[in-house]
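Working notes, structure below.
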Number of protein chains: 2
Amino acid sequence: MKKDNVEKMNEPSKNKSLDPTPVKVSVPPSRVKIVQALKLLIRDKDFNSITTAEISRVAGVNEALIYRHFNDKRGLLHAVLSEYLNEFVSNLMFDLKGIKGAINKIRKFVWASIHYYNDDRVFSKIQLLEVRNFPGYFESETYQIVKRYAGLLLEIIEEGITSGSIRDDIAPSSIRQFILGSIEHYCLPAIIFGHAIDGDVMADNLCEILFEGIKKKN
Amino acid sequence: MKKDNVEKMNEPSKNKSLDPTPVKVSVPPSRVKIVQALKLLIRDKDFNSITTAEISRVAGVNEALIYRHFNDKRGLLHAVLSEYLNEFVSNLMFDLKGIKGAINKIRKFVWASIHYYNDDRVFSKIQLLEVRNFPGYFESETYQIVKRYAGLLLEIIEEGITSGSIRDDIAPSSIRQFILGSIEHYCLPAIIFGHAIDGDVMADNLCEILFEGIKKKN
DNA sequence: CTTTTATATAAGTAATACATACTTACATGA
DNA sequence: TCATGTAAGTATGTATTACTTATATAAAAG
């Protein structure tokens, strides 16, 4: 009954005055341990092959806590993805602020997306390989963040059409799907086979094709 | 012990003389029943939520036969996908035969791919959503067929670069990823949300962007 | 007629995701 | 100082899962 009170003191109540948010909800240590355990495990295994017993063992917490904090195994996956997505989309929105012109904005959008996929393979694995097969995902909170991301691109395309820099004979949503698809497929082999890639070159290539097409110019 | 001998007679050994292939390996009726059961179930559920008990129940065969014929549950999925892929790639290779010029071939390639994804949603669901998350897939026989499909496109692109109809300042493999990605992402929303789409329009749009880019021409 | 081989089945098993009942820690307010 | 409410954590249990094994049958082969 007294051997475990050492571990409980490693997270003192220091989040009072220095926090940017005034009322910080204290996140339980077990919760962050579980999240980190999944992030670690998903590096080399697919989500389905990872067991809840394994997650709790690596996290060093009781298995039932997964269900306390995340309701079910899939909820944990979605929570992890949400974290990534929120950071990514927030940064992207900020990065786009100073840029003028739809074409330039799209270039930035492509560049940032490729780099984010490339820099964090755990994020890309979850986003591109592990959530879409589960129908419930598209009713989840997490998917709403993806819609914000896709909506961002759609607005830029519409702006470009209005200002005359983007062709108006193809539906904006089609152009968007086109761009999102090529971004993802550009990164996919590297993610699946664990290659290192040069995000700058990839973004340049992709934008070249996107803005000029693949036909040889005369 | 005698109530089930009725079902056993519904597949007589008629595949002897009329077959195009001289030596046709007789496929056991239970095998095709299992395949059909999975095809039926995967229409509304993700592969993971489908149980082997469910498959065998719908197929009307014993559960152990899944393992006799396909080794494991994933093997069944791969076998089903292989069937589709073989048919698709064979047809595609045939369809490309009469066409001259890399650009025209790519147009056909895009058109055929979109239509195949669109016409059989079971195939597209498996191919785009259910196999890639499993690492073992990329060592499977099934994936080799996909490589033939992707190799086909790569050859066309290289032919186009050699003949001067496709730009030579971007790696062929990059162009290929670009095209494959846009094809898939074009179809993805329809597959996920069950929309009906117009494959002709989609192929036209995609080729337009592909060959001319999204910038407005002056 | 016997042996072999492929097809089928019933009855398991270990492991899985998840549930339940319970305890401990801690904050708040009288 | 005590009572109360709430969140964090745990031990143990359970139905279901993918997969296995031993055995039966029926047709083909010898």
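Within each chain, counting starts at residue 1; across the structure tokens, chains are named A, B, ... in the order shown, with ligands numbered 1 upward in that order.
Proximity to chain B at a cut-off of 9 Å picks out C:DT7, C:DA8, C:DT9 on chain C, counting only C-alpha atoms (C1' of nucleotides).
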Open item on the list: Please find the residues of chain D near chain A - the criterion being any atom within 9 Å, counting only C-alpha atoms (C1' of nucleotides) - and write them as JSON, numbers by chain.
Closed with: {"D": [8, 9, 10]}
TODO: For chain B, report every residue with an atom at most 8 Å from chain A (counting only C-alpha atoms), formatted as a PyMOL selection string.
DONE: chain B and resi 45-46+129-130+132-135+164-168+170+174-175+177-186+192+205-206+209-217
Open item on the list: as an NGL selection string, please: every residue in stretch 49-197 of chain B that DSSP puts in helix (DSSP H, G or I).
Closed with: :B and (49 or 52-59 or 64-70 or 73-96 or 102-119 or 121-130 or 135-139 or 141-163 or 172-193)
Open item on the list: Report, in Å to a single decimal, how far apart atom CA of B:Arg31 and atom CA of B:Ala79 are.
Closed with: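 So the answer is 10.6 Å.
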TODO: Quick one: everything within 9 Å of stretch 10-12 of chain C, counting only C-alpha atoms (C1' of nucleotides), minus sequence neighbours fewer than 4 positions away in the same chain. Send it as number ranges by chain.
DONE: D: 20-21, 23
Selected residues, N, CA and C atoms (P, O5', C5', C4', C3', O3' and C1' of nucleotides), written as a PDB file, in the first residue's frame, please.
```pdb
ATOM      1  P    DT D  20      -3.956 -21.834 -37.443  1.00  0.00           P
ATOM      2  O5'  DT D  20      -4.558 -22.944 -36.474  1.00  0.00           O
ATOM      3  C5'  DT D  20      -4.272 -22.893 -35.084  1.00  0.00           C
ATOM      4  C4'  DT D  20      -4.597 -24.230 -34.430  1.00  0.00           C
ATOM      5  C3'  DT D  20      -4.147 -25.464 -35.207  1.00  0.00           C
ATOM      6  O3'  DT D  20      -3.481 -26.341 -34.296  1.00  0.00           O
ATOM      7  C1'  DT D  20      -6.471 -25.611 -34.739  1.00  0.00           C
ATOM      8  P    DT D  21      -2.715 -27.650 -34.842  1.00  0.00           P
ATOM      9  O5'  DT D  21      -3.663 -28.845 -34.379  1.00  0.00           O
ATOM     10  C5'  DT D  21      -4.369 -28.754 -33.149  1.00  0.00           C
ATOM     11  C4'  DT D  21      -5.342 -29.912 -33.013  1.00  0.00           C
ATOM     12  C3'  DT D  21      -4.959 -31.175 -33.782  1.00  0.00           C
ATOM     13  O3'  DT D  21      -5.222 -32.318 -32.997  1.00  0.00           O
ATOM     14  C1'  DT D  21      -7.109 -30.488 -34.429  1.00  0.00           C
ATOM     15  P    DT D  23      -9.015 -38.714 -33.578  1.00  0.00           P
ATOM     16  O5'  DT D  23     -10.253 -38.630 -34.593  1.00  0.00           O
ATOM     17  C5'  DT D  23     -11.449 -37.974 -34.181  1.00  0.00           C
ATOM     18  C4'  DT D  23     -12.380 -37.816 -35.358  1.00  0.00           C
ATOM     19  C3'  DT D  23     -12.548 -39.067 -36.225  1.00  0.00           C
ATOM     20  O3'  DT D  23     -13.924 -39.393 -36.315  1.00  0.00           O
ATOM     21  C1'  DT D  23     -12.231 -37.167 -37.551  1.00  0.00           C
TER      22       DT D  23
END
```
Task: atom CA of B:Ser56 to atom C1' of D:DT14, straight-line distance in Å - done: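 Taking atom C1' of D:DT14 and atom CA of B:Ser56, their separation equals 23.9 Å.
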